[in-house]
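One structure below.
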Amino acid sequence: MTDASHVRNAIARFNQVRGVSDDERDLGFANIRKAAKHYGVRMTEADWKELGRRSSAVRVAPASKKHAKMAPHSA
């Protein structure tokens, strides 16, 4: 995973993966947790079995990014 966005996407799509064993899911989840820690993505899930059961952890965008531009002030 190359950035926080990729980590969040991997978390969101984890349950869409088919044809893998529980051991492979354990390894995949461990890699996601490691990447989440590295890129500062907060995860509350302790196990891959928790993904998709409830709303996901807060996925905070970097503070330097603005989500909306302010409209010019008209006089």
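Scheme for the structure tokens: letters A, B, ... for chains in order shown; per-chain residue numbers from 1; ligand numbers from 1 in order shown.
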
Q) Excluding same-chain residues fewer than 3 positions from A:Leu51, what lies within 12 Å of it counting only C-alpha atoms, as a ChimeraX atom specification? A) /A:10-16,25,29,32,43-48,54-57

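Distances here use only C-alpha atoms; by that measure, the residue among A:Val20, A:Glu50, A:Met1, A:Val7 closest to A:Ala36 is A:Val7.
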
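The space separating atom CA of A:Arg42 from atom CA of A:His6 comes to 13.5 Å.
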
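If you look at atom CA of A:Asn9 and atom CA of A:Asp23, they are 21.0 Å away from each other.
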
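The gap separating atom CA of A:Arg8 from atom CA of A:Asp26 is 17.3 Å, in Å to one decimal.
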
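With only C-alpha atoms as the atoms that count, the residue of A:Asp22, A:Tyr39, A:Val17, A:Arg33 with the shortest distance to A:Asp3 is A:Tyr39.
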